[in-house]
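Printed here is target-v1.cif (mmCIF, C-alpha atoms and all ligand atoms):
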```cif
data_coords
#
loop_
_atom_site.group_PDB
_atom_site.id
_atom_site.type_symbol
_atom_site.label_atom_id
_atom_site.label_comp_id
_atom_site.auth_asym_id
_atom_site.auth_seq_id
_atom_site.Cartn_x
_atom_site.Cartn_y
_atom_site.Cartn_z
ATOM 1 C CA MET M 292 0.000 0.000 0.000
ATOM 2 C CA LYS M 293 1.795 3.074 -1.305
ATOM 3 C CA LEU M 294 0.379 5.635 1.150
ATOM 4 C CA LEU M 295 1.485 3.511 4.105
ATOM 5 C CA LYS M 296 4.944 2.786 2.689
ATOM 6 C CA ASP M 297 5.507 6.495 1.978
ATOM 7 C CA MET M 298 4.546 7.348 5.570
ATOM 8 C CA ILE M 299 6.852 4.658 6.934
ATOM 9 C CA LEU M 300 9.734 6.113 4.905
ATOM 10 C CA GLN M 301 8.935 9.696 5.918
ATOM 11 C CA LYS M 302 7.992 9.239 9.568
ATOM 12 C CA GLY M 303 9.165 5.786 10.719
ATOM 13 C CA LYS M 304 12.171 5.612 13.054
ATOM 14 C CA VAL M 305 14.505 2.642 13.009
ATOM 15 C CA ILE M 306 15.326 1.844 16.651
ATOM 16 C CA ASP M 307 17.658 -1.051 15.877
ATOM 17 C CA ASP M 308 17.917 -3.845 13.272
ATOM 18 C CA ASN M 309 14.684 -5.388 14.628
ATOM 19 C CA ILE M 310 12.381 -2.561 15.756
ATOM 20 C CA LEU M 311 10.615 0.155 13.800
ATOM 21 C CA LYS M 312 8.922 2.979 15.699
ATOM 22 C CA VAL M 313 5.774 4.423 14.103
ATOM 23 C CA ASN M 314 4.518 6.409 17.090
ATOM 24 C CA SER M 315 3.637 9.522 15.096
ATOM 25 C CA PHE M 316 0.958 7.846 12.921
ATOM 26 C CA ILE M 317 0.069 4.363 14.269
ATOM 27 C CA ASN M 318 1.157 3.538 17.823
ATOM 28 C CA HIS M 319 0.801 6.756 19.838
ATOM 29 C CA GLN M 320 -0.634 9.496 17.627
ATOM 30 C CA VAL M 321 -3.034 7.886 15.141
ATOM 31 C CA ASP M 322 -3.559 9.113 11.579
ATOM 32 C CA SER M 323 -7.278 8.451 11.116
ATOM 33 C CA LYS M 324 -7.258 9.129 7.355
ATOM 34 C CA LEU M 325 -4.557 6.484 6.970
ATOM 35 C CA MET M 326 -6.640 4.139 9.162
ATOM 36 C CA LYS M 327 -9.664 4.707 6.929
ATOM 37 C CA GLU M 328 -7.612 3.754 3.848
ATOM 38 C CA ILE M 329 -6.232 0.707 5.666
ATOM 39 C CA GLY M 330 -9.777 -0.374 6.584
ATOM 40 C CA LEU M 331 -10.888 -0.044 2.958
ATOM 41 C CA GLU M 332 -7.875 -1.998 1.716
ATOM 42 C CA PHE M 333 -8.358 -4.913 4.143
ATOM 43 C CA ALA M 334 -12.134 -4.981 3.583
ATOM 44 C CA ASN M 335 -11.642 -5.070 -0.173
ATOM 45 C CA HIS M 336 -9.008 -7.789 0.017
ATOM 46 C CA PHE M 337 -11.067 -10.083 2.278
ATOM 47 C CA LYS M 338 -14.542 -9.229 0.879
ATOM 48 C CA ASN M 339 -15.195 -12.736 -0.477
ATOM 49 C CA GLU M 340 -14.172 -14.561 2.709
ATOM 50 C CA GLU M 341 -17.594 -14.288 4.377
ATOM 51 C CA ILE M 342 -16.063 -12.620 7.445
ATOM 52 C CA THR M 343 -18.453 -12.471 10.429
ATOM 53 C CA LYS M 344 -16.130 -10.729 12.938
ATOM 54 C CA VAL M 345 -12.868 -8.812 13.043
ATOM 55 C CA PHE M 346 -10.559 -9.651 15.973
ATOM 56 C CA THR M 347 -7.606 -7.637 17.149
ATOM 57 C CA ILE M 348 -5.155 -7.635 19.996
ATOM 58 C CA GLU M 349 -5.162 -4.847 22.573
ATOM 59 C CA SER M 350 -4.161 -2.087 21.900
ATOM 60 C CA SER M 351 -2.430 -0.889 18.727
ATOM 61 C CA GLY M 352 -4.481 -3.110 16.414
ATOM 62 C CA ILE M 353 -7.725 -1.404 17.464
ATOM 63 C CA ALA M 354 -7.607 1.541 15.025
ATOM 64 C CA PRO M 355 -7.043 -0.474 11.813
ATOM 65 C CA ALA M 356 -9.390 -3.233 13.050
ATOM 66 C CA VAL M 357 -12.302 -0.897 13.771
ATOM 67 C CA MET M 358 -12.037 0.728 10.335
ATOM 68 C CA THR M 359 -11.939 -2.716 8.687
ATOM 69 C CA SER M 360 -14.957 -3.922 10.671
ATOM 70 C CA TYR M 361 -16.833 -0.756 9.731
ATOM 71 C CA GLU M 362 -16.196 -1.371 6.031
ATOM 72 C CA LEU M 363 -17.130 -5.067 6.288
ATOM 73 C CA ASP M 364 -20.171 -4.179 8.441
ATOM 74 C CA VAL M 365 -19.353 -6.762 11.108
ATOM 75 C CA PRO M 366 -18.442 -6.382 14.815
ATOM 76 C CA MET M 367 -14.856 -5.853 16.024
ATOM 77 C CA ILE M 368 -13.661 -7.679 19.116
ATOM 78 C CA ILE M 369 -10.586 -6.817 21.197
ATOM 79 C CA LEU M 370 -8.582 -9.687 22.659
ATOM 80 C CA LYS M 371 -7.513 -8.402 26.069
ATOM 81 C CA LYS M 372 -3.997 -8.738 27.430
ATOM 82 C CA GLU M 373 -4.354 -9.936 31.025
ATOM 83 C CA THR M 374 -1.188 -10.302 33.070
ATOM 84 C CA SER M 375 -2.421 -13.266 35.125
ATOM 85 C CA SER M 376 -4.401 -16.296 34.082
ATOM 86 C CA THR M 377 -7.986 -16.330 35.252
ATOM 87 C CA LEU M 378 -9.746 -19.547 36.163
ATOM 88 C CA ASN M 379 -13.116 -19.021 34.574
ATOM 89 C CA ASN M 380 -15.268 -21.219 32.358
ATOM 90 C CA ASP M 381 -16.693 -18.224 30.521
ATOM 91 C CA ILE M 382 -13.469 -17.244 28.747
ATOM 92 C CA TYR M 383 -10.890 -18.553 26.280
ATOM 93 C CA GLN M 384 -7.229 -17.779 26.969
ATOM 94 C CA ALA M 385 -3.852 -18.193 25.249
ATOM 95 C CA LYS M 386 -0.399 -17.290 26.580
ATOM 96 C CA ILE M 387 1.666 -14.971 24.394
ATOM 97 C CA LYS M 388 5.087 -13.382 24.751
ATOM 98 C CA SER M 389 5.172 -9.702 23.856
ATOM 99 C CA PHE M 390 7.811 -8.875 21.254
ATOM 100 C CA THR M 391 8.445 -5.314 22.386
ATOM 101 C CA LYS M 392 7.860 -5.604 26.157
ATOM 102 C CA ASN M 393 9.385 -9.039 26.850
ATOM 103 C CA LYS M 394 6.367 -9.897 29.044
ATOM 104 C CA ILE M 395 4.012 -12.876 29.062
ATOM 105 C CA TYR M 396 0.326 -12.069 28.638
ATOM 106 C CA ASN M 397 -2.803 -14.165 28.742
ATOM 107 C CA LEU M 398 -4.795 -13.186 25.707
ATOM 108 C CA THR M 399 -8.403 -13.336 26.889
ATOM 109 C CA LEU M 400 -11.772 -13.507 25.138
ATOM 110 C CA SER M 401 -15.230 -13.839 26.653
ATOM 111 C CA LYS M 402 -17.183 -16.775 25.215
ATOM 112 C CA ASP M 403 -20.038 -14.283 24.619
ATOM 113 C CA TYR M 404 -18.262 -12.898 21.551
ATOM 114 C CA ILE M 405 -17.475 -16.009 19.528
ATOM 115 C CA SER M 406 -19.349 -19.018 18.199
ATOM 116 C CA SER M 407 -18.327 -22.021 16.113
ATOM 117 C CA ASN M 408 -20.041 -20.497 13.051
ATOM 118 C CA ASP M 409 -17.780 -17.452 13.037
ATOM 119 C CA ARG M 410 -15.324 -16.756 10.198
ATOM 120 C CA ILE M 411 -12.835 -14.385 11.742
ATOM 121 C CA LEU M 412 -10.413 -11.873 10.266
ATOM 122 C CA ILE M 413 -7.480 -11.141 12.609
ATOM 123 C CA ILE M 414 -5.991 -7.636 12.238
ATOM 124 C CA ASP M 415 -2.806 -6.417 13.931
ATOM 125 C CA ASP M 416 -0.400 -3.487 13.587
ATOM 126 C CA PHE M 417 2.847 -5.495 13.336
ATOM 127 C CA LEU M 418 3.866 -9.059 12.559
ATOM 128 C CA ALA M 419 7.237 -10.044 14.037
ATOM 129 C CA ASN M 420 7.575 -13.611 15.351
ATOM 130 C CA GLY M 421 3.862 -14.268 15.130
ATOM 131 C CA GLU M 422 3.265 -14.710 18.878
ATOM 132 C CA ALA M 423 0.175 -12.476 18.995
ATOM 133 C CA ALA M 424 -1.263 -14.115 15.854
ATOM 134 C CA LYS M 425 -0.596 -17.616 17.248
ATOM 135 C CA GLY M 426 -2.461 -16.704 20.454
ATOM 136 C CA ALA M 427 -5.431 -15.283 18.544
ATOM 137 C CA ILE M 428 -5.519 -18.385 16.298
ATOM 138 C CA LYS M 429 -5.471 -20.709 19.331
ATOM 139 C CA ILE M 430 -8.425 -18.895 20.917
ATOM 140 C CA ILE M 431 -10.435 -18.926 17.664
ATOM 141 C CA GLU M 432 -9.732 -22.604 17.019
ATOM 142 C CA ASP M 433 -10.419 -23.569 20.671
ATOM 143 C CA ALA M 434 -13.880 -22.047 20.136
ATOM 144 C CA GLY M 435 -14.364 -24.189 17.003
ATOM 145 C CA ALA M 436 -14.497 -21.073 14.786
ATOM 146 C CA THR M 437 -12.512 -20.448 11.574
ATOM 147 C CA VAL M 438 -9.577 -18.113 10.941
ATOM 148 C CA ALA M 439 -10.685 -16.730 7.560
ATOM 149 C CA GLY M 440 -7.756 -14.344 7.158
ATOM 150 C CA ILE M 441 -4.974 -12.391 8.832
ATOM 151 C CA GLY M 442 -4.412 -8.719 7.943
ATOM 152 C CA ILE M 443 -1.176 -7.075 9.051
ATOM 153 C CA VAL M 444 -0.366 -3.381 8.719
ATOM 154 C CA ILE M 445 3.447 -3.732 8.900
ATOM 155 C CA GLU M 446 5.135 -7.097 8.454
ATOM 156 C CA LYS M 447 8.822 -7.511 9.251
ATOM 157 C CA SER M 448 9.405 -10.273 6.732
ATOM 158 C CA PHE M 449 12.901 -11.029 8.040
ATOM 159 C CA GLN M 450 11.420 -12.316 11.319
ATOM 160 C CA SER M 451 9.747 -15.704 11.672
ATOM 161 C CA GLY M 452 6.014 -14.884 11.880
ATOM 162 C CA ARG M 453 5.125 -14.703 8.182
ATOM 163 C CA ALA M 454 6.833 -17.990 7.243
ATOM 164 C CA TYR M 455 5.193 -19.699 10.236
ATOM 165 C CA LEU M 456 1.683 -18.548 9.241
ATOM 166 C CA ASP M 457 2.262 -19.322 5.533
ATOM 167 C CA ASN M 458 3.447 -22.838 6.399
ATOM 168 C CA LEU M 459 0.209 -23.483 8.282
ATOM 169 C CA GLY M 460 -1.773 -22.340 5.236
ATOM 170 C CA TYR M 461 -3.341 -19.173 6.664
ATOM 171 C CA ASN M 462 -4.433 -16.419 4.288
ATOM 172 C CA VAL M 463 -2.083 -13.565 5.295
ATOM 173 C CA TYR M 464 -2.217 -10.109 3.709
ATOM 174 C CA SER M 465 0.321 -7.465 4.803
ATOM 175 C CA LEU M 466 0.087 -3.858 3.624
ATOM 176 C CA ALA M 467 3.812 -3.113 3.983
ATOM 177 C CA ARG M 468 6.436 -5.848 4.017
ATOM 178 C CA ILE M 469 9.832 -4.875 5.386
ATOM 179 C CA LYS M 470 12.836 -6.840 4.153
ATOM 180 C CA SER M 471 15.442 -5.175 6.358
ATOM 181 C CA LEU M 472 16.007 -2.420 8.912
ATOM 182 C CA LYS M 473 19.793 -2.779 8.838
ATOM 183 C CA GLU M 474 22.073 0.271 9.006
ATOM 184 C CA ASN M 475 19.159 2.554 9.800
ATOM 185 C CA ASN M 476 17.712 1.901 6.360
ATOM 186 C CA ILE M 477 14.113 0.764 5.700
ATOM 187 C CA GLU M 478 13.997 -1.679 2.781
ATOM 188 C CA PHE M 479 10.699 -3.145 1.520
ATOM 189 C CA VAL M 480 10.176 -6.621 0.020
ATOM 190 C CA ASP M 481 8.536 -5.152 -3.103
HETATM 191 P P1 LIG P 1 4.713 -10.842 17.296
HETATM 192 O O1 LIG P 1 3.629 -11.222 18.254
HETATM 193 O O2 LIG P 1 4.385 -11.080 15.854
HETATM 194 O O3 LIG P 1 6.041 -11.467 17.687
HETATM 195 O O4 LIG P 1 4.914 -9.279 17.477
HETATM 196 C C1 LIG P 1 3.853 -8.457 17.078
HETATM 197 C C2 LIG P 1 3.444 -7.519 18.174
HETATM 198 O O5 LIG P 1 4.579 -6.905 18.776
HETATM 199 C C3 LIG P 1 2.616 -6.396 17.564
HETATM 200 O O6 LIG P 1 1.295 -6.493 18.052
HETATM 201 C C4 LIG P 1 3.267 -5.113 18.027
HETATM 202 O O7 LIG P 1 2.526 -4.556 19.075
HETATM 203 C C5 LIG P 1 4.622 -5.507 18.570
HETATM 204 N N1 LIG P 1 5.739 -5.249 17.633
HETATM 205 C C6 LIG P 1 6.548 -6.180 17.044
HETATM 206 N N2 LIG P 1 7.512 -5.601 16.337
HETATM 207 C C7 LIG P 1 7.328 -4.276 16.437
HETATM 208 C C8 LIG P 1 8.034 -3.137 15.905
HETATM 209 O O8 LIG P 1 9.047 -3.228 15.179
HETATM 210 N N3 LIG P 1 7.537 -1.913 16.221
HETATM 211 C C9 LIG P 1 6.429 -1.749 17.016
HETATM 212 N N4 LIG P 1 6.029 -0.505 17.256
HETATM 213 N N5 LIG P 1 5.752 -2.794 17.543
HETATM 214 C C10 LIG P 1 6.193 -4.047 17.261
#
```

Would you mind writing the file's structure down as structure tokens?
Amino acid sequence: MKLLKDMILQKGKVIDDNILKVNSFINHQVDSKLMKEIGLEFANHFKNEEITKVFTIESSGIAPAVMTSYELDVPMIILKKETSSTLNNDIYQAKIKSFTKNKIYNLTLSKDYISSNDRILIIDDFLANGEAAKGAIKIIEDAGATVAGIGIVIEKSFQSGRAYLDNLGYNVYSLARIKSLKENNIEFVD
């Protein structure tokens, strides 16, 4: 997506070879016009997948996910990051390790917001090693529902997440694919 790639080049900050900071338009200040375009792009790409719900992971996925759910005219559900596991029959949980914070979270979803008939589109801001996506997939599959697609705003293709999801056969669509962040230089896959 050209608009996104141009913004990454203009406003993204390379922190080290593995981390890109996009606080001025995605992660802290949010560019809502960009989010609207992202929502349209994901909705258009997944329009034939009979999506019934859009899921995202608290908190930076919320803006692109809500715009996508608006365009697809389906609800958006936030998977919460709890720091302790909760013994409760009314929820699904999956443990994930945060890439940026080096913390373990229990991704948590109330059983009220999923059923086995659901075809779910997972949206997230970044794909690194795929931990957040793996947790969301586990919760969806534990509920007997279907992962109908995974939409990623910024994929770091040099990390393991994309290959992992491709190998399992998931339908992954990333709007910007980064090949390398070496030497303070942002290089895209295509
Ligand atoms: P994963 O779970 O795929 O290993 O990492 C993805 C999650 O970690 C995303 O939800 C995002 O919050 C965070 N993340 C991973 N890499 C980056 C990065 O380079 N920059 C920022 N801002 N967040 C990242």

Residues within 10 Å of ligand LIG 1 (chain P) (only C-alpha atoms and all ligand atoms), as a PDB file with C-alpha atoms, keeping the file's coordinate frame?
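Contents of result16.pdb, freshly written:
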```pdb
ATOM      1  CA  GLY M 303       9.165   5.786  10.719  1.00  0.00           C
ATOM      2  CA  LYS M 304      12.171   5.612  13.054  1.00  0.00           C
ATOM      3  CA  VAL M 305      14.505   2.642  13.009  1.00  0.00           C
ATOM      4  CA  ILE M 306      15.326   1.844  16.651  1.00  0.00           C
ATOM      5  CA  ASP M 307      17.658  -1.051  15.877  1.00  0.00           C
ATOM      6  CA  ASP M 308      17.917  -3.845  13.272  1.00  0.00           C
ATOM      7  CA  ASN M 309      14.684  -5.388  14.628  1.00  0.00           C
ATOM      8  CA  ILE M 310      12.381  -2.561  15.756  1.00  0.00           C
ATOM      9  CA  LEU M 311      10.615   0.155  13.800  1.00  0.00           C
ATOM     10  CA  LYS M 312       8.922   2.979  15.699  1.00  0.00           C
ATOM     11  CA  VAL M 313       5.774   4.423  14.103  1.00  0.00           C
ATOM     12  CA  ASN M 314       4.518   6.409  17.090  1.00  0.00           C
ATOM     13  CA  ILE M 317       0.069   4.363  14.269  1.00  0.00           C
ATOM     14  CA  ASN M 318       1.157   3.538  17.823  1.00  0.00           C
ATOM     15  CA  HIS M 319       0.801   6.756  19.838  1.00  0.00           C
ATOM     16  CA  THR M 347      -7.606  -7.637  17.149  1.00  0.00           C
ATOM     17  CA  ILE M 348      -5.155  -7.635  19.996  1.00  0.00           C
ATOM     18  CA  GLU M 349      -5.162  -4.847  22.573  1.00  0.00           C
ATOM     19  CA  SER M 350      -4.161  -2.087  21.900  1.00  0.00           C
ATOM     20  CA  SER M 351      -2.430  -0.889  18.727  1.00  0.00           C
ATOM     21  CA  GLY M 352      -4.481  -3.110  16.414  1.00  0.00           C
ATOM     22  CA  ILE M 387       1.666 -14.971  24.394  1.00  0.00           C
ATOM     23  CA  LYS M 388       5.087 -13.382  24.751  1.00  0.00           C
ATOM     24  CA  SER M 389       5.172  -9.702  23.856  1.00  0.00           C
ATOM     25  CA  PHE M 390       7.811  -8.875  21.254  1.00  0.00           C
ATOM     26  CA  THR M 391       8.445  -5.314  22.386  1.00  0.00           C
ATOM     27  CA  LYS M 392       7.860  -5.604  26.157  1.00  0.00           C
ATOM     28  CA  ASN M 393       9.385  -9.039  26.850  1.00  0.00           C
ATOM     29  CA  ILE M 414      -5.991  -7.636  12.238  1.00  0.00           C
ATOM     30  CA  ASP M 415      -2.806  -6.417  13.931  1.00  0.00           C
ATOM     31  CA  ASP M 416      -0.400  -3.487  13.587  1.00  0.00           C
ATOM     32  CA  PHE M 417       2.847  -5.495  13.336  1.00  0.00           C
ATOM     33  CA  LEU M 418       3.866  -9.059  12.559  1.00  0.00           C
ATOM     34  CA  ALA M 419       7.237 -10.044  14.037  1.00  0.00           C
ATOM     35  CA  ASN M 420       7.575 -13.611  15.351  1.00  0.00           C
ATOM     36  CA  GLY M 421       3.862 -14.268  15.130  1.00  0.00           C
ATOM     37  CA  GLU M 422       3.265 -14.710  18.878  1.00  0.00           C
ATOM     38  CA  ALA M 423       0.175 -12.476  18.995  1.00  0.00           C
ATOM     39  CA  ALA M 424      -1.263 -14.115  15.854  1.00  0.00           C
ATOM     40  CA  LYS M 425      -0.596 -17.616  17.248  1.00  0.00           C
ATOM     41  CA  GLY M 426      -2.461 -16.704  20.454  1.00  0.00           C
ATOM     42  CA  ALA M 427      -5.431 -15.283  18.544  1.00  0.00           C
ATOM     43  CA  ILE M 443      -1.176  -7.075   9.051  1.00  0.00           C
ATOM     44  CA  VAL M 444      -0.366  -3.381   8.719  1.00  0.00           C
ATOM     45  CA  ILE M 445       3.447  -3.732   8.900  1.00  0.00           C
ATOM     46  CA  GLU M 446       5.135  -7.097   8.454  1.00  0.00           C
ATOM     47  CA  LYS M 447       8.822  -7.511   9.251  1.00  0.00           C
ATOM     48  CA  GLN M 450      11.420 -12.316  11.319  1.00  0.00           C
ATOM     49  CA  SER M 451       9.747 -15.704  11.672  1.00  0.00           C
ATOM     50  CA  GLY M 452       6.014 -14.884  11.880  1.00  0.00           C
ATOM     51  CA  ARG M 453       5.125 -14.703   8.182  1.00  0.00           C
ATOM     52  CA  ILE M 469       9.832  -4.875   5.386  1.00  0.00           C
ATOM     53  CA  LEU M 472      16.007  -2.420   8.912  1.00  0.00           C
TER      54      LEU M 472
END
```

Residues within 8 Å of M:Ser471, only C-alpha atoms, excluding chain neighbours under 6 positions, as a PyMOL selection string: chain M and resi 308+447-449+477-479

Atomic distance atom CA of M:Ile441 - atom CA of M:Val365, expressed in Å with one decimal: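 Those two atoms sit 15.6 Å apart.
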
For this structure, which residues satisfy the selection - the PyMOL selection byres (((chain M and resi 435-439) around 9) and not hetatm) - when it is evaluated on the file as given? I want them as a tab-separated table (two decimals) with C-alpha atoms, in the frame of the given file.
```
chain	number	residue	atom	x	y	z
M	337	PHE	CA	-11.07	-10.08	2.28
M	340	GLU	CA	-14.17	-14.56	2.71
M	341	GLU	CA	-17.59	-14.29	4.38
M	342	ILE	CA	-16.06	-12.62	7.44
M	405	ILE	CA	-17.48	-16.01	19.53
M	406	SER	CA	-19.35	-19.02	18.20
M	407	SER	CA	-18.33	-22.02	16.11
M	408	ASN	CA	-20.04	-20.50	13.05
M	409	ASP	CA	-17.78	-17.45	13.04
M	410	ARG	CA	-15.32	-16.76	10.20
M	411	ILE	CA	-12.84	-14.38	11.74
M	412	LEU	CA	-10.41	-11.87	10.27
M	413	ILE	CA	-7.48	-11.14	12.61
M	428	ILE	CA	-5.52	-18.39	16.30
M	430	ILE	CA	-8.43	-18.90	20.92
M	431	ILE	CA	-10.44	-18.93	17.66
M	432	GLU	CA	-9.73	-22.60	17.02
M	433	ASP	CA	-10.42	-23.57	20.67
M	434	ALA	CA	-13.88	-22.05	20.14
M	440	GLY	CA	-7.76	-14.34	7.16
M	441	ILE	CA	-4.97	-12.39	8.83
M	461	TYR	CA	-3.34	-19.17	6.66
M	462	ASN	CA	-4.43	-16.42	4.29
```

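In this comparison, which uses only C-alpha atoms, the residue of M:Asp403, M:Asp457, M:Asp381, M:Phe316 approaching M:Gln301 most closely is M:Phe316.
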
Atomic separation - atom CA of M:Asn397 relative to atom CA of M:Thr374, Å: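 Spanning atom CA of M:Thr374 to atom CA of M:Asn397 is a straight-line distance of 6.0 Å.
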
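Note that atom CA of M:Thr359 and atom CA of M:Lys371 are 18.8 Å apart.
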
Expected selection from the PyMOL selection byres (((chain M and resi 368) around 7) and not hetatm), given as a list in words: Val345, Phe346, Thr347, Pro366, Met367, Ile369 and Leu370 of chain M

With 4 Å added on each side, what axis-aligned box encloses every listed atom of stretch 444-450 of chain M? Give the centre and edge lengths in Å to one decimal, as lines of an AutoDock Vina configuration file.
```
center_x = 6.3
center_y = -7.8
center_z = 9.0
size_x = 21.3
size_y = 16.9
size_z = 12.6
```

Given only C-alpha atoms as the counted atoms, nearest of M:Ala385, M:Leu294, M:Ile329, M:Leu378 to M:Met358: M:Ile329

Option closest in space to M:Leu466, from M:Glu373, M:Asp322, M:Glu332, M:Asp364 [counting only C-alpha atoms]: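 Closest residue, counting only C-alpha atoms: M:Glu332.
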
Report as a JSON list (two decimals) with C-alpha atoms, keeping the file's coordinate frame the residues that result from applying the PyMOL selection byres (((chain M and resi 384) around 8) and not hetatm) to the structure here.
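What ended up in expr_5.json:
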```json
[["chain", "number", "residue", "atom", "x", "y", "z"],
["M", 376, "SER", "CA", -4.40, -16.30, 34.08],
["M", 382, "ILE", "CA", -13.47, -17.24, 28.75],
["M", 383, "TYR", "CA", -10.89, -18.55, 26.28],
["M", 385, "ALA", "CA", -3.85, -18.19, 25.25],
["M", 386, "LYS", "CA", -0.40, -17.29, 26.58],
["M", 397, "ASN", "CA", -2.80, -14.16, 28.74],
["M", 398, "LEU", "CA", -4.80, -13.19, 25.71],
["M", 399, "THR", "CA", -8.40, -13.34, 26.89],
["M", 400, "LEU", "CA", -11.77, -13.51, 25.14],
["M", 430, "ILE", "CA", -8.43, -18.90, 20.92]]
```

Distance query M:Glu362 at most 10 Å, all atoms listed in the file, self and fewer than 5 positions along chain excluded, as a list in words: Lys327, Gly330, Leu331, Glu332, Phe333, Ala334, Asn335, Lys338, Ala356 and Val357 of chain M
